[in-house]
>>> print(open('input34.txt').read())   # compact mmCIF, C-alpha atoms and all ligand atoms
# COMPACT_ATOMS: atom_id res chain seq x y z
CA MET A 1 -9.99 -25.76 -8.33
CA SER A 2 -8.15 -25.84 -11.64
CA THR A 3 -5.21 -28.14 -12.31
CA PHE A 4 -2.95 -25.10 -12.20
CA LYS A 5 -1.70 -22.93 -9.39
CA ALA A 6 0.02 -19.53 -9.36
CA PRO A 7 3.77 -20.07 -9.88
CA LYS A 8 5.97 -20.43 -6.79
CA GLY A 9 6.74 -17.12 -5.13
CA THR A 10 3.74 -15.35 -6.66
CA TYR A 11 0.20 -14.71 -5.50
CA ASP A 12 -3.03 -13.49 -7.03
CA LEU A 13 -4.71 -10.31 -5.95
CA THR A 14 -8.44 -10.85 -5.71
CA PRO A 15 -11.36 -8.88 -4.25
CA PRO A 16 -11.79 -7.71 -1.56
CA ASP A 17 -8.01 -7.61 -0.75
CA SER A 18 -7.19 -6.17 -4.15
CA ALA A 19 -9.05 -2.98 -3.19
CA THR A 20 -6.60 -2.39 -0.35
CA PHE A 21 -3.68 -3.07 -2.68
CA LEU A 22 -4.99 -0.52 -5.19
CA ALA A 23 -5.56 2.06 -2.47
CA VAL A 24 -1.99 1.56 -1.20
CA ARG A 25 -0.58 1.95 -4.67
CA GLU A 26 -2.57 5.15 -5.16
CA ALA A 27 -1.49 6.55 -1.81
CA LEU A 28 2.20 5.84 -2.44
CA ALA A 29 2.03 7.69 -5.76
CA ALA A 30 -0.17 10.58 -4.61
CA PRO A 31 2.60 12.79 -3.13
CA LEU A 32 4.60 12.51 -6.38
CA ARG A 33 1.72 13.70 -8.53
CA ILE A 34 1.66 17.03 -6.73
CA ALA A 35 5.44 17.43 -6.66
CA GLY A 36 6.10 17.78 -10.38
CA TYR A 37 6.69 14.11 -11.25
CA GLY A 38 5.29 12.92 -14.61
CA TYR A 39 4.16 9.36 -15.24
CA ILE A 40 6.42 7.01 -17.20
CA GLU A 41 5.81 3.43 -18.28
CA THR A 42 8.50 1.19 -19.73
CA PRO A 43 8.36 -2.42 -20.98
CA GLY A 44 8.31 -5.33 -18.56
CA PHE A 45 11.49 -6.67 -20.14
CA GLU A 46 14.69 -5.08 -21.40
CA ASN A 47 17.92 -6.06 -23.04
CA VAL A 48 19.71 -8.12 -20.40
CA GLU A 49 22.86 -6.03 -20.86
CA LEU A 50 21.09 -2.93 -19.54
CA PHE A 51 20.75 -4.52 -16.11
CA ALA A 52 24.15 -6.20 -16.22
CA ARG A 53 25.79 -2.84 -16.79
CA GLY A 54 23.35 -0.67 -14.89
CA VAL A 55 22.59 -2.70 -11.78
CA GLY A 56 26.04 -4.31 -11.67
CA GLU A 57 27.63 -7.58 -12.83
CA SER A 58 28.49 -8.57 -9.28
CA THR A 59 25.15 -7.96 -7.60
CA ASP A 60 22.85 -10.77 -6.49
CA ILE A 61 20.12 -9.27 -8.62
CA VAL A 62 22.13 -9.76 -11.81
CA THR A 63 24.06 -12.94 -11.00
CA LYS A 64 21.31 -14.94 -9.33
CA GLU A 65 17.92 -13.33 -9.51
CA MET A 66 17.19 -12.30 -13.08
CA TYR A 67 14.65 -14.07 -15.24
CA THR A 68 16.46 -14.14 -18.57
CA LEU A 69 15.32 -15.46 -21.90
CA THR A 70 16.54 -15.71 -25.46
CA THR A 71 13.90 -14.82 -28.03
CA LYS A 72 13.34 -16.74 -31.26
CA GLY A 73 15.16 -13.88 -32.96
CA GLY A 74 18.17 -14.37 -30.70
CA ASP A 75 17.72 -11.31 -28.45
CA GLU A 76 18.86 -11.73 -24.86
CA LEU A 77 16.18 -10.23 -22.64
CA ALA A 78 15.47 -10.09 -18.92
CA LEU A 79 12.24 -9.46 -17.04
CA ARG A 80 12.93 -6.21 -15.22
CA PRO A 81 14.25 -6.78 -11.69
CA GLU A 82 14.05 -3.07 -10.82
CA GLY A 83 12.95 0.22 -12.36
CA THR A 84 15.76 2.74 -12.34
CA ALA A 85 17.89 1.41 -15.20
CA SER A 86 14.84 1.14 -17.48
CA VAL A 87 13.58 4.62 -16.63
CA LEU A 88 16.99 6.15 -17.29
CA ARG A 89 17.29 4.19 -20.55
CA ALA A 90 13.87 5.48 -21.65
CA THR A 91 14.74 9.05 -20.64
CA LEU A 92 17.91 8.97 -22.72
CA GLU A 93 16.14 7.32 -25.64
CA ALA A 94 13.38 9.96 -25.67
CA GLY A 95 15.88 12.75 -25.07
CA LEU A 96 13.83 14.07 -22.15
CA HIS A 97 17.02 15.41 -20.58
CA LYS A 98 17.63 17.63 -23.61
CA ALA A 99 14.38 19.57 -23.27
CA GLY A 100 16.20 22.04 -21.04
CA ASN A 101 14.19 21.50 -17.92
CA LEU A 102 16.28 19.56 -15.43
CA PRO A 103 15.70 17.60 -13.36
CA VAL A 104 13.48 15.31 -15.39
CA LYS A 105 11.09 14.10 -12.68
CA LEU A 106 9.32 10.82 -13.33
CA TRP A 107 7.20 8.34 -11.41
CA TYR A 108 6.18 4.82 -12.28
CA SER A 109 4.19 1.86 -11.10
CA GLY A 110 4.57 -1.74 -12.11
CA SER A 111 5.55 -5.36 -11.69
CA TYR A 112 9.13 -6.49 -11.04
CA TYR A 113 10.62 -9.96 -11.11
CA ARG A 114 13.39 -11.52 -9.08
CA TYR A 115 14.18 -15.19 -8.78
CA GLU A 116 14.59 -15.09 -5.00
CA ARG A 117 13.89 -17.70 -2.35
CA PRO A 118 10.25 -16.99 -1.54
CA GLN A 119 9.20 -16.16 2.01
CA LYS A 120 6.74 -13.80 3.64
CA GLY A 121 7.32 -10.38 2.10
CA ARG A 122 9.69 -11.72 -0.54
CA TYR A 123 8.13 -12.72 -3.81
CA ARG A 124 9.29 -13.52 -7.30
CA HIS A 125 6.78 -11.11 -8.72
CA PHE A 126 6.19 -7.93 -6.77
CA SER A 127 4.95 -4.43 -7.24
CA GLN A 128 6.67 -1.08 -6.83
CA ILE A 129 5.93 2.60 -7.03
CA GLY A 130 9.07 4.43 -8.08
CA ALA A 131 10.32 7.97 -8.54
CA GLU A 132 13.40 9.30 -10.29
CA ALA A 133 14.72 12.87 -10.52
CA ILE A 134 17.23 12.87 -13.36
CA GLY A 135 19.98 15.31 -14.31
CA THR A 136 20.46 17.48 -11.23
CA GLU A 137 22.82 17.41 -8.31
CA ASP A 138 21.12 19.18 -5.44
CA PRO A 139 20.81 17.96 -1.85
CA ALA A 140 17.30 19.46 -1.76
CA LEU A 141 16.26 16.92 -4.39
CA ASP A 142 17.51 14.01 -2.29
CA ALA A 143 15.68 15.48 0.71
CA GLU A 144 12.52 16.03 -1.35
CA LEU A 145 12.34 12.37 -2.33
CA ILE A 146 12.84 11.13 1.22
CA LEU A 147 10.21 13.59 2.40
CA LEU A 148 7.72 12.43 -0.25
CA ALA A 149 8.15 8.77 0.68
CA ASP A 150 7.76 9.63 4.36
CA GLN A 151 4.58 11.53 3.52
CA ALA A 152 3.28 8.61 1.44
CA TYR A 153 3.68 6.10 4.28
CA ARG A 154 2.23 8.50 6.83
CA SER A 155 -0.80 9.24 4.64
CA LEU A 156 -1.65 5.54 4.91
CA GLY A 157 -1.50 5.71 8.69
CA LEU A 158 1.83 3.90 9.08
CA ARG A 159 3.91 4.93 12.08
CA ASP A 160 6.28 2.08 13.00
CA PHE A 161 8.83 2.68 10.27
CA ARG A 162 12.30 4.14 10.41
CA ILE A 163 14.44 5.90 7.85
CA LEU A 164 18.04 4.71 7.58
CA LEU A 165 20.41 7.17 5.93
CA ASN A 166 23.96 6.95 4.67
CA SER A 167 26.36 8.43 2.14
CA LEU A 168 28.32 6.14 -0.16
CA GLY A 169 30.71 8.86 -1.29
CA ASP A 170 31.64 9.38 -4.92
CA SER A 171 34.39 8.62 -7.43
CA GLU A 172 36.59 11.09 -5.53
CA CYS A 173 36.58 9.41 -2.12
CA ARG A 174 35.21 5.90 -2.57
CA PRO A 175 38.24 4.28 -4.29
CA ALA A 176 40.57 4.99 -1.34
CA TYR A 177 37.95 3.80 1.11
CA ARG A 178 37.36 0.67 -0.97
CA THR A 179 41.03 -0.22 -0.69
CA ALA A 180 41.05 0.39 3.07
CA LEU A 181 37.96 -1.79 3.44
CA GLN A 182 39.45 -4.56 1.30
CA ASP A 183 42.58 -4.58 3.48
CA PHE A 184 40.41 -4.94 6.57
CA LEU A 185 38.15 -7.63 5.09
CA ARG A 186 41.07 -9.77 3.90
CA GLY A 187 42.07 -10.23 7.52
CA LEU A 188 38.71 -11.79 8.46
CA ASP A 189 37.53 -15.37 8.61
CA LEU A 190 35.08 -15.49 5.70
CA ASP A 191 33.73 -18.15 3.35
CA GLU A 192 34.83 -18.56 -0.24
CA GLU A 193 32.00 -16.61 -1.86
CA THR A 194 32.35 -13.67 0.51
CA ARG A 195 36.11 -13.63 -0.14
CA ARG A 196 35.40 -13.32 -3.84
CA ARG A 197 33.07 -10.46 -3.07
CA ILE A 198 35.93 -8.61 -1.37
CA ASP A 199 37.63 -8.30 -4.74
CA ILE A 200 34.59 -7.48 -6.82
CA ASN A 201 32.36 -5.47 -4.53
CA PRO A 202 33.69 -5.12 -0.98
CA LEU A 203 31.02 -2.66 0.18
CA ARG A 204 28.43 -5.36 -0.23
CA VAL A 205 30.12 -7.40 2.48
CA LEU A 206 29.07 -4.71 4.97
CA ASP A 207 25.49 -5.54 3.99
CA ASP A 208 25.87 -9.22 4.94
CA LYS A 209 23.12 -9.99 7.43
CA ARG A 210 24.71 -13.15 8.95
CA PRO A 211 25.51 -12.63 12.65
CA ASP A 212 28.95 -14.32 12.42
CA VAL A 213 29.90 -11.91 9.63
CA GLN A 214 28.41 -8.87 11.35
CA LYS A 215 30.36 -9.73 14.50
CA GLN A 216 33.61 -9.46 12.60
CA LEU A 217 32.60 -6.17 11.02
CA VAL A 218 32.36 -4.20 14.25
CA ASP A 219 35.67 -2.45 13.66
CA ALA A 220 35.37 -2.17 9.88
CA PRO A 221 36.42 1.18 8.46
CA LEU A 222 33.34 3.23 7.60
CA LEU A 223 32.86 5.40 4.58
CA ARG A 224 31.57 8.26 6.68
CA ASP A 225 35.10 8.66 8.06
CA HIS A 226 36.54 8.73 4.53
CA LEU A 227 34.18 11.11 2.73
CA CYS A 228 35.75 13.90 0.68
CA ASP A 229 34.82 17.48 1.57
CA ALA A 230 32.25 17.77 -1.21
CA CYS A 231 30.46 14.56 -0.20
CA ARG A 232 30.57 15.50 3.46
CA ALA A 233 29.04 18.93 2.79
CA TYR A 234 26.42 17.40 0.50
CA HIS A 235 25.40 14.86 3.10
CA ALA A 236 25.27 17.48 5.84
CA GLU A 237 22.91 19.54 3.70
CA VAL A 238 20.56 16.57 3.07
CA ARG A 239 20.49 15.86 6.80
CA ALA A 240 19.86 19.52 7.67
CA LEU A 241 16.97 19.80 5.20
CA LEU A 242 15.31 16.68 6.59
CA THR A 243 15.79 17.82 10.15
CA ALA A 244 14.29 21.22 9.35
CA GLN A 245 11.20 19.42 8.01
CA GLY A 246 10.90 17.34 11.15
CA VAL A 247 11.75 14.07 9.38
CA ALA A 248 13.47 11.73 11.81
CA PHE A 249 16.19 9.47 10.40
CA GLU A 250 18.93 7.21 11.71
CA ASP A 251 22.49 7.34 10.44
CA ASP A 252 23.41 3.85 9.30
CA ALA A 253 27.04 3.79 8.23
CA LYS A 254 26.74 0.22 6.97
CA LEU A 255 23.77 0.79 4.69
CA VAL A 256 25.03 0.03 1.18
CA ARG A 257 21.97 -1.45 -0.59
CA GLY A 258 22.16 -4.23 -3.12
CA LEU A 259 22.81 -2.30 -6.29
CA ASP A 260 26.10 -1.03 -7.65
CA TYR A 261 25.01 2.29 -9.05
CA TYR A 262 24.53 4.26 -5.87
CA THR A 263 26.68 7.29 -4.99
CA ARG A 264 26.39 9.67 -2.06
CA THR A 265 22.90 9.61 -0.52
CA THR A 266 21.43 6.17 0.14
CA PHE A 267 18.43 5.45 2.30
CA GLU A 268 16.02 2.75 3.24
CA PHE A 269 12.61 2.73 4.90
CA VAL A 270 12.33 -0.23 7.26
CA HIS A 271 9.24 -1.36 9.08
CA ASP A 272 9.66 -2.98 12.48
CA GLY A 273 6.64 -5.25 12.22
CA LEU A 274 7.81 -7.20 9.19
CA GLY A 275 10.47 -9.62 10.41
CA SER A 276 13.45 -10.32 8.19
CA GLN A 277 12.07 -8.71 5.03
CA SER A 278 11.73 -5.36 6.72
CA ALA A 279 12.60 -2.92 3.93
CA VAL A 280 9.44 -1.32 2.64
CA GLY A 281 11.28 1.07 0.34
CA GLY A 282 14.65 2.42 -0.53
CA GLY A 283 16.71 4.45 -2.92
CA GLY A 284 19.50 6.88 -3.35
CA ARG A 285 21.63 8.91 -5.67
CA TYR A 286 23.11 7.35 -8.78
CA ASP A 287 25.31 9.98 -10.37
CA GLY A 288 27.29 7.60 -12.58
CA LEU A 289 24.53 5.35 -13.94
CA SER A 290 23.79 7.34 -17.10
CA GLU A 291 27.40 7.13 -18.22
CA MET A 292 27.48 3.43 -17.34
CA ILE A 293 24.72 2.79 -19.87
CA GLY A 294 26.20 5.03 -22.56
CA GLY A 295 24.57 8.38 -21.78
CA PRO A 296 25.96 11.78 -20.78
CA ALA A 297 26.70 12.74 -17.19
CA LEU A 298 23.30 12.99 -15.49
CA PRO A 299 23.49 13.03 -11.71
CA SER A 300 20.21 11.63 -10.43
CA VAL A 301 18.37 10.39 -7.39
CA GLY A 302 15.38 8.11 -6.93
CA TRP A 303 13.53 5.53 -4.88
CA ALA A 304 11.26 2.54 -5.13
CA LEU A 305 8.61 1.63 -2.58
CA GLY A 306 7.35 -1.93 -2.36
CA VAL A 307 3.57 -2.09 -2.58
CA ASP A 308 3.28 -5.71 -1.35
CA ARG A 309 5.33 -5.03 1.78
CA THR A 310 3.51 -1.78 2.47
CA VAL A 311 0.27 -3.79 2.55
CA LEU A 312 1.93 -6.22 4.99
CA ALA A 313 3.13 -3.28 7.10
CA LEU A 314 -0.45 -2.01 7.37
CA GLU A 315 -1.54 -5.46 8.55
CA ALA A 316 1.33 -5.57 11.04
CA GLU A 317 0.26 -2.23 12.53
CA GLY A 318 -3.42 -3.19 12.43
CA VAL A 319 -4.29 -0.28 10.18
CA THR A 320 -7.35 -0.79 8.02
CA LEU A 321 -7.93 1.63 5.20
CA ASP A 322 -11.27 3.29 4.87
CA ILE A 323 -12.31 1.93 1.49
CA PRO A 324 -15.83 2.86 0.40
CA PRO A 325 -17.94 -0.05 -0.92
CA ALA A 326 -17.51 -0.47 -4.67
CA THR A 327 -21.29 -0.36 -5.15
CA SER A 328 -23.60 2.39 -3.86
CA VAL A 329 -26.81 1.27 -5.51
CA TYR A 330 -28.02 -2.25 -6.33
CA ALA A 331 -30.96 -2.81 -8.63
CA VAL A 332 -33.28 -5.81 -8.25
CA PRO A 333 -35.73 -6.42 -11.13
CA LEU A 334 -38.80 -8.56 -10.56
CA GLY A 335 -39.56 -10.01 -13.99
CA GLU A 336 -38.51 -9.54 -17.59
CA GLN A 337 -40.04 -6.14 -18.21
CA ALA A 338 -38.53 -4.72 -15.01
CA ARG A 339 -35.14 -6.07 -16.01
CA THR A 340 -35.18 -4.09 -19.26
CA VAL A 341 -36.27 -0.92 -17.48
CA LEU A 342 -33.77 -1.26 -14.61
CA PHE A 343 -30.99 -2.06 -17.09
CA GLY A 344 -31.60 1.44 -18.49
CA VAL A 345 -31.82 3.00 -15.02
CA VAL A 346 -28.50 1.39 -14.03
CA ALA A 347 -26.82 2.66 -17.20
CA GLU A 348 -28.09 6.18 -16.52
CA LEU A 349 -26.92 6.11 -12.90
CA ARG A 350 -23.47 4.99 -13.98
CA ARG A 351 -23.31 7.77 -16.58
CA ALA A 352 -24.08 10.14 -13.72
CA GLY A 353 -21.15 8.70 -11.79
CA VAL A 354 -23.11 6.62 -9.27
CA ALA A 355 -21.54 3.19 -8.60
CA THR A 356 -24.37 0.84 -9.46
CA ASP A 357 -24.87 -2.88 -10.02
CA LEU A 358 -27.76 -5.04 -11.14
CA ALA A 359 -28.93 -8.49 -10.02
CA TYR A 360 -28.20 -10.64 -13.06
CA GLY A 361 -29.27 -14.15 -13.90
CA GLY A 362 -32.98 -13.95 -13.08
CA ARG A 363 -32.46 -14.98 -9.46
CA SER A 364 -35.20 -15.13 -6.87
CA VAL A 365 -35.94 -11.93 -4.93
CA LYS A 366 -34.40 -13.51 -1.85
CA ALA A 367 -31.16 -14.38 -3.63
CA ALA A 368 -31.07 -10.98 -5.30
CA MET A 369 -31.51 -9.16 -1.98
CA LYS A 370 -28.70 -11.23 -0.55
CA GLY A 371 -26.57 -10.00 -3.44
CA ALA A 372 -27.59 -6.45 -2.58
CA HIS A 373 -26.47 -6.90 1.03
CA ARG A 374 -23.21 -8.51 0.00
CA SER A 375 -22.40 -5.69 -2.42
CA GLY A 376 -22.34 -3.21 0.46
CA ALA A 377 -24.74 -0.92 -1.44
CA ARG A 378 -26.36 1.85 0.56
CA PHE A 379 -29.57 1.74 -1.53
CA THR A 380 -31.47 -0.85 -3.52
CA LEU A 381 -33.91 -0.20 -6.31
CA VAL A 382 -36.64 -2.83 -6.58
CA ALA A 383 -39.16 -2.79 -9.40
CA GLY A 384 -41.97 -5.18 -10.40
CA GLU A 385 -44.77 -4.90 -12.95
CA ARG A 386 -47.07 -2.98 -10.65
CA ASP A 387 -44.37 -0.37 -9.92
CA LEU A 388 -43.65 0.07 -13.59
CA ALA A 389 -47.32 0.53 -14.38
CA GLU A 390 -47.29 3.39 -11.88
CA GLY A 391 -44.05 4.78 -13.33
CA VAL A 392 -42.08 4.24 -10.10
CA VAL A 393 -39.38 2.07 -8.53
CA GLN A 394 -39.11 1.19 -4.84
CA LEU A 395 -36.09 2.86 -3.27
CA LYS A 396 -34.87 1.07 -0.16
CA ASP A 397 -32.39 2.55 2.28
CA MET A 398 -30.31 -0.43 3.39
CA GLU A 399 -29.26 1.24 6.64
CA SER A 400 -32.67 2.32 7.97
CA GLY A 401 -34.70 -0.29 6.06
CA ALA A 402 -37.12 2.48 4.94
CA GLN A 403 -38.68 2.01 1.53
CA GLU A 404 -40.51 4.51 -0.68
CA PRO A 405 -41.63 4.79 -4.29
CA VAL A 406 -39.67 7.21 -6.48
CA ALA A 407 -40.76 8.34 -9.95
CA LEU A 408 -38.61 6.68 -12.63
CA ALA A 409 -37.65 10.04 -14.10
CA ALA A 410 -36.42 11.27 -10.69
CA VAL A 411 -34.30 8.23 -9.70
CA THR A 412 -30.91 9.58 -10.72
CA ASP A 413 -31.36 13.01 -9.13
CA THR A 414 -32.81 11.52 -5.94
CA LEU A 415 -29.96 9.07 -5.50
CA ARG A 416 -27.32 11.61 -6.34
CA SER A 417 -28.54 13.97 -3.68
CA ARG A 418 -28.99 11.20 -1.07
CA LEU A 419 -25.50 9.87 -1.69
CA GLY A 420 -24.08 13.37 -1.40
P1 LIG A 501 15.16 -2.61 -3.81
O1 LIG A 501 15.39 -2.01 -5.14
O2 LIG A 501 15.63 -4.02 -3.71
O3 LIG A 501 15.59 -1.77 -2.67
O4 LIG A 501 13.58 -2.70 -3.70
C1 LIG A 501 12.80 -1.60 -3.31
C2 LIG A 501 11.61 -2.12 -2.52
O5 LIG A 501 10.90 -3.08 -3.30
C3 LIG A 501 12.00 -2.88 -1.27
O6 LIG A 501 12.19 -2.01 -0.19
C4 LIG A 501 10.83 -3.80 -1.07
O7 LIG A 501 9.78 -3.12 -0.41
C5 LIG A 501 10.39 -4.09 -2.48
N1 LIG A 501 10.93 -5.42 -2.90
C6 LIG A 501 12.14 -5.70 -3.39
N2 LIG A 501 12.27 -7.01 -3.65
C7 LIG A 501 11.10 -7.59 -3.30
C8 LIG A 501 10.58 -8.93 -3.33
N3 LIG A 501 11.31 -9.94 -3.80
N4 LIG A 501 9.32 -9.14 -2.88
C9 LIG A 501 8.57 -8.12 -2.42
N5 LIG A 501 9.00 -6.85 -2.38
C10 LIG A 501 10.23 -6.57 -2.81
>>> encode(input="input34.txt", output="structure tokens")
Amino acid sequence: MSTFKAPKGTYDLTPPDSATFLAVREALAAPLRIAGYGYIETPGFENVELFARGVGESTDIVTKEMYTLTTKGGDELALRPEGTASVLRATLEAGLHKAGNLPVKLWYSGSYYRYERPQKGRYRHFSQIGAEAIGTEDPALDAELILLADQAYRSLGLRDFRILLNSLGDSECRPAYRTALQDFLRGLDLDEETRRRIDINPLRVLDDKRPDVQKQLVDAPLLRDHLCDACRAYHAEVRALLTAQGVAFEDDAKLVRGLDYYTRTTFEFVHDGLGSQSAVGGGGRYDGLSEMIGGPALPSVGWALGVDRTVLALEAEGVTLDIPPATSVYAVPLGEQARTVLFGVVAELRRAGVATDLAYGGRSVKAAMKGAHRSGARFTLVAGERDLAEGVVQLKDMESGAQEPVALAAVTDTLRSRLG
């Protein structure tokens, strides 16, 4: 072992587990690729002010969890704690919203960083697949995103998850509700920090997971009873569209999520096998965010799904993904001359798209055959001097154990047809 270890709250992805991780990431993105979402990639760090303004000065993410740094040039940067603010910043910067085709639909995949207390399912470096639909207010768009996430989880074989749904209202109805909630919260027995939160961001108090706080919140006024007509109609439409598609959801009037920018639709996917870190994904509408970061009015909706927790959810449900072995053919040369010839055969097979590996390092036949078994290859190609003199290699079927000579010139075609 080296003197160094992965930093606290992080872990390395190594084979064979990394193959599952990759497959999960692919599966979570797959529904977006056929729903009109284009790929976007933004830097791993941004101007710290983008998150302060976008995510919210009073959120845990900004006040406690950001990795910030000052560059030698004096720039204040932060490793990205989430994707939405960056994607919107990039959209505005590139003027994608001006191309006349709204919504701008984008998907992304990447690493995110939060200085949180590490525990199972909560890391300081984690991975998300995200989607944003920018510039359009349409309940069908909110419903589409929820549907696509549902489809993504189901395609992996997950079943024990639930969708929590809420509306956070808008600038029309939320201010009056906020005041009503503040009045209620001020009458409760709460600690200093939570009291401060009542002034800055009272909705977040509803999100407090501590039982003694939750107990006091039983009679809290709920936004759903204070929605304006437009928000109420909008929410009813989202619900109706989901219901028509057979997507089951639970109304959760206390779902507020940890970010300030949400308006109207908010939702979370929770998995019941994960313990306290049960959210596998979440998102919502953020109609005011563009203006908060200096852009025009661009009502938008999006989500982010956690790849790490989705992998844990699969484990919790005992679902194993059907991942084909990385190697289909393994070549074992017996001697120098055979090595040169098989090196060429391997290169040709790979050019033909056959996953092939070679026994390197001049190992004994026994060690090389062990390597062949370990690789999971369906076939091995063994060649020694006598085979080469006859212009053949020995093709061994690792399942049946049958072995036969195949003319060197016919190896690629033979293997391609046998592998289907
Ligand atoms: P959020 O923006 O906080 O709702 O994050 C969206 C999703 O990312 C969550 O539902 C989690 O699946 C995942 N996620 C967020 N924070 C972490 C973390 N610290 N460790 C692992 N996954 C996370």
>>> residues_near_ligand(input="input34.txt", ligand="ligand LIG 501 (chain A)", cutoff="8 Å", atoms="all atoms listed in the file", output="PyMOL selection string")
chain A and resi 82-83+113-116+118+121-128+257-259+268-270+277-283+303-310
>>> write_last_selection(input="input34.txt", atoms="C-alpha atoms", output="PDB file, in the frame of the given file")
ATOM      1  CA  GLU A  82      14.050  -3.070 -10.820  1.00  0.00           C
ATOM      2  CA  GLY A  83      12.950   0.220 -12.360  1.00  0.00           C
ATOM      3  CA  TYR A 113      10.620  -9.960 -11.110  1.00  0.00           C
ATOM      4  CA  ARG A 114      13.390 -11.520  -9.080  1.00  0.00           C
ATOM      5  CA  TYR A 115      14.180 -15.190  -8.780  1.00  0.00           C
ATOM      6  CA  GLU A 116      14.590 -15.090  -5.000  1.00  0.00           C
ATOM      7  CA  PRO A 118      10.250 -16.990  -1.540  1.00  0.00           C
ATOM      8  CA  GLY A 121       7.320 -10.380   2.100  1.00  0.00           C
ATOM      9  CA  ARG A 122       9.690 -11.720  -0.540  1.00  0.00           C
ATOM     10  CA  TYR A 123       8.130 -12.720  -3.810  1.00  0.00           C
ATOM     11  CA  ARG A 124       9.290 -13.520  -7.300  1.00  0.00           C
ATOM     12  CA  HIS A 125       6.780 -11.110  -8.720  1.00  0.00           C
ATOM     13  CA  PHE A 126       6.190  -7.930  -6.770  1.00  0.00           C
ATOM     14  CA  SER A 127       4.950  -4.430  -7.240  1.00  0.00           C
ATOM     15  CA  GLN A 128       6.670  -1.080  -6.830  1.00  0.00           C
ATOM     16  CA  ARG A 257      21.970  -1.450  -0.590  1.00  0.00           C
ATOM     17  CA  GLY A 258      22.160  -4.230  -3.120  1.00  0.00           C
ATOM     18  CA  LEU A 259      22.810  -2.300  -6.290  1.00  0.00           C
ATOM     19  CA  GLU A 268      16.020   2.750   3.240  1.00  0.00           C
ATOM     20  CA  PHE A 269      12.610   2.730   4.900  1.00  0.00           C
ATOM     21  CA  VAL A 270      12.330  -0.230   7.260  1.00  0.00           C
ATOM     22  CA  GLN A 277      12.070  -8.710   5.030  1.00  0.00           C
ATOM     23  CA  SER A 278      11.730  -5.360   6.720  1.00  0.00           C
ATOM     24  CA  ALA A 279      12.600  -2.920   3.930  1.00  0.00           C
ATOM     25  CA  VAL A 280       9.440  -1.320   2.640  1.00  0.00           C
ATOM     26  CA  GLY A 281      11.280   1.070   0.340  1.00  0.00           C
ATOM     27  CA  GLY A 282      14.650   2.420  -0.530  1.00  0.00           C
ATOM     28  CA  GLY A 283      16.710   4.450  -2.920  1.00  0.00           C
ATOM     29  CA  TRP A 303      13.530   5.530  -4.880  1.00  0.00           C
ATOM     30  CA  ALA A 304      11.260   2.540  -5.130  1.00  0.00           C
ATOM     31  CA  LEU A 305       8.610   1.630  -2.580  1.00  0.00           C
ATOM     32  CA  GLY A 306       7.350  -1.930  -2.360  1.00  0.00           C
ATOM     33  CA  VAL A 307       3.570  -2.090  -2.580  1.00  0.00           C
ATOM     34  CA  ASP A 308       3.280  -5.710  -1.350  1.00  0.00           C
ATOM     35  CA  ARG A 309       5.330  -5.030   1.780  1.00  0.00           C
ATOM     36  CA  THR A 310       3.510  -1.780   2.470  1.00  0.00           C
TER      37      THR A 310
END
>>> atom_distance(input="input34.txt", atom1="atom CA of A:Ile323", atom2="atom CA of A:Ala149")
21.6 Å
>>> closest_residue(input="input34.txt", among="A:Ser328, A:Thr194, A:Ser364, A:Gln394", to="A:Arg378", atoms="all atoms listed in the file")
A:Ser328
>>> atom_distance(input="input34.txt", atom1="atom CA of A:Glu172", atom2="atom CA of A:Asn101")
27.6 Å
>>> closest_residue(input="input34.txt", among="A:Arg224, A:Lys396, A:Arg285, A:Arg204", to="A:Arg418", atoms="only C-alpha atoms")
A:Lys396
>>> atom_distance(input="input34.txt", atom1="atom CA of A:Leu188", atom2="atom CA of A:Lys215")
10.5 Å
>>> residues_around(input="input34.txt", residues="A:Gly288", least_positions_apart="3", cutoff="7 Å", atoms="all atoms listed in the file", output="count of residues only")
5
>>> residues_around(input="input34.txt", residues="A:Leu298", least_positions_apart="6", cutoff="10 Å", atoms="only C-alpha atoms", output="VMD selection string")
chain A and resid 88 92 97 102 to 103 133 to 137 286 to 291
>>> closest_residue(input="input34.txt", among="A:Ser171, A:Thr71, A:Thr380, A:Ser400", to="A:Val332", atoms="only C-alpha atoms")
A:Thr380
>>> closest_residue(input="input34.txt", among="A:Ile200, A:Ala30, A:Ala131, A:Ala23", to="A:Glu57", atoms="all atoms listed in the file")
A:Ile200
>>> closest_residue(input="input34.txt", among="A:Asp252, A:Glu192, A:Asp357, A:Asp183", to="A:Ala220", atoms="only C-alpha atoms")
A:Asp183
>>> residues_around(input="input34.txt", residues="A:Ala253", least_positions_apart="5", cutoff="9 Å", atoms="all atoms listed in the file", output="ChimeraX atom specification")
/A:165-168,222-224
>>> write_last_selection(input="input34.txt", atoms="C-alpha atoms", output="compact mmCIF listing (two decimals), in the coordinates of the input")
# COMPACT_ATOMS: atom_id res chain seq x y z
CA LEU A 165 20.41 7.17 5.93
CA ASN A 166 23.96 6.95 4.67
CA SER A 167 26.36 8.43 2.14
CA LEU A 168 28.32 6.14 -0.16
CA LEU A 222 33.34 3.23 7.60
CA LEU A 223 32.86 5.40 4.58
CA ARG A 224 31.57 8.26 6.68
